[in-house]
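First comes the structure, then the notes that go with it.
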Amino acid sequence: MTDEERPPTPAELSEAGMLARALEERSQPGRELKSVDDALGAAYLLRASKQAELGELRARAVRQRIWRKGTWPLWVRVAAAGLAGIAAAAVILAVVPRGPARLPPPGVRLLQAQLAVARPGSSAELAQLEVETAAYRERFYGALERAYGRRP
Amino acid sequence: MRSALALVLVGASLGCGSGATRWIGDAWRAHAEADALERSGDLERAGDLLQDLVSRPVPAGVAPQDVRAVLQDIYARLADVALKRGKPADALHSVDAGLQLGEARDVFVSSLRALRGRALEALGRDAEAAREYEAAQAIAEALLSEALVDGGVR
């Protein structure tokens, strides 16, 4: 007769009964802790730790929770990066002094008008100087516009 | 992402008109408004408008040579308006403020020198006026020679 064919001993029957009761009564509060509970607890812990392994899907979920990479659509991120670049360039352009504008050379008529008023009692020539100065000023601000951007 | 958005906001505020562009635009508009005011005979308001412009801080992004040119042009116009209003002392004050920005051989300094001569002449300081006229002529003649060599009549 082998060990498996031998009938259970009274001790084994008692242990099996305790195990069955423990499985049925686990959720009852205030139940007296028995030795079989320790064995069951260890078994649950082993099984839970095996289930808690960080598989590929679980790892991806954890990464996404830590770093919300996919919150913004790709086009939004690309647009934001582009705008950030433009903004950085605007900051640089606003703060760093640029080279001087290439100012237009004065015309002959303006210089002749300036010469005409650069002498005593020259009030009669002032009107022509005003006309020539206004024309040059238009070209001057045009050059500044080309250097610094369109007049807002 | 937050820093990118912050930069976008900064850029947008700057993009609406950088300091340099806005300053130059304001100067141009002030000249246009002063033109209209002078035509309507309101010389006082034209002068106030130009004075307000030179009182403002100059943004950092404008090259010093351009700052000088813009401000000397405005100071020259302020002096001209003051002379038209019969206030040569004010004109002299504006001219001197313009010349303090620096000397150069260009139309802006030439104009200021001629205006200084007119202001001094109006104040009865003829000898000083004559020196200013000579200084203005020297610059204008040199520039005229260059312009004639270049061959352009503008």
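In the structure tokens, the first chain shown is A, the next is B, and so on; residue numbers restart at 1 for each chain, and ligands run from 1 in the order shown.
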
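Every protein, DNA or RNA residue with an atom at most 6 Å from segment 123-133 of chain A, where only C-alpha atoms count and chain neighbours fewer than 3 positions away do not, is listed here: Leu110, Ala113, Tyr136 and Arg137 of chain A.
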
Requested write-out: C-alpha atoms of the selected residues, as a PDB file, in the first residue's frame:
ATOM      1  CA  LEU A 110      17.663 119.127 -50.407  1.00  0.00           C
ATOM      2  CA  ALA A 113      17.898 124.178 -50.112  1.00  0.00           C
ATOM      3  CA  TYR A 136      13.740 113.213 -47.518  1.00  0.00           C
ATOM      4  CA  ARG A 137      12.011 112.362 -44.251  1.00  0.00           C
TER       5      ARG A 137
END

Env of segment 67-69 of chain B: 10 Å cut, atoms = only C-alpha atoms, seq-sep filter 2 positions within chain, self excluded. Answer as an NGL selection string. (:A and (100 or 103 or 140)) or (:B and (20 or 23-24 or 58-65 or 71-75 or 98-104 or 106-109))

Take the residues from that selection and write them out as a PDB file, in the first residue's frame, keeping C-alpha atoms.
ATOM      1  CA  PRO A 100      22.270 100.996 -38.295  1.00  0.00           C
ATOM      2  CA  LEU A 103      19.963 105.681 -44.753  1.00  0.00           C
ATOM      3  CA  PHE A 140      14.471 108.211 -44.298  1.00  0.00           C
TER       4      PHE A 140
ATOM      5  CA  ALA B  20      12.170  99.566 -31.949  1.00  0.00           C
ATOM      6  CA  TRP B  23       9.168 103.713 -31.496  1.00  0.00           C
ATOM      7  CA  ILE B  24       9.982 104.404 -35.133  1.00  0.00           C
ATOM      8  CA  VAL B  58      14.365 105.007 -26.499  1.00  0.00           C
ATOM      9  CA  PRO B  59      14.030 101.210 -26.810  1.00  0.00           C
ATOM     10  CA  ALA B  60      17.193  99.132 -26.637  1.00  0.00           C
ATOM     11  CA  GLY B  61      16.801  97.556 -30.061  1.00  0.00           C
ATOM     12  CA  VAL B  62      17.551 100.684 -32.111  1.00  0.00           C
ATOM     13  CA  ALA B  63      21.085 101.276 -33.359  1.00  0.00           C
ATOM     14  CA  PRO B  64      22.666 104.380 -31.772  1.00  0.00           C
ATOM     15  CA  GLN B  65      23.241 106.037 -35.173  1.00  0.00           C
ATOM     16  CA  LEU B  71      15.970 112.439 -32.537  1.00  0.00           C
ATOM     17  CA  GLN B  72      18.065 115.106 -34.299  1.00  0.00           C
ATOM     18  CA  ASP B  73      15.422 115.299 -37.017  1.00  0.00           C
ATOM     19  CA  ILE B  74      12.738 115.796 -34.351  1.00  0.00           C
ATOM     20  CA  TYR B  75      14.803 118.374 -32.457  1.00  0.00           C
ATOM     21  CA  GLY B  98      19.877 117.725 -30.693  1.00  0.00           C
ATOM     22  CA  LEU B  99      23.561 118.515 -31.097  1.00  0.00           C
ATOM     23  CA  GLN B 100      24.333 116.936 -27.728  1.00  0.00           C
ATOM     24  CA  LEU B 101      23.394 113.606 -29.262  1.00  0.00           C
ATOM     25  CA  GLY B 102      26.515 113.739 -31.439  1.00  0.00           C
ATOM     26  CA  GLU B 103      28.102 115.349 -34.458  1.00  0.00           C
ATOM     27  CA  ALA B 104      28.278 113.826 -37.896  1.00  0.00           C
ATOM     28  CA  ASP B 106      25.040 114.460 -42.461  1.00  0.00           C
ATOM     29  CA  VAL B 107      21.871 116.382 -43.283  1.00  0.00           C
ATOM     30  CA  PHE B 108      20.589 116.164 -39.706  1.00  0.00           C
ATOM     31  CA  VAL B 109      23.554 117.991 -38.185  1.00  0.00           C
TER      32      VAL B 109
END

Those of segment 57-144 of chain A in DSSP alpha helix (DSSP H), formatted as an MDAnalysis selection string: chainID A and resid 57:66 74:95 108:117 126:144

Counting only C-alpha atoms, the residue among B:Asp48, B:Glu38, B:Glu128, B:Glu134 that lies closest to chain A is B:Glu134

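Excluding Ser110 of chain B and any residue on its chain fewer than 3 positions from it, the residues at most 8 Å away by only C-alpha atoms are Gln114 of chain A; Arg105, Asp106, Val107, Arg113, Ala114, Ala135, Ala136, Gln137, Ile139 and Ala140 of chain B.
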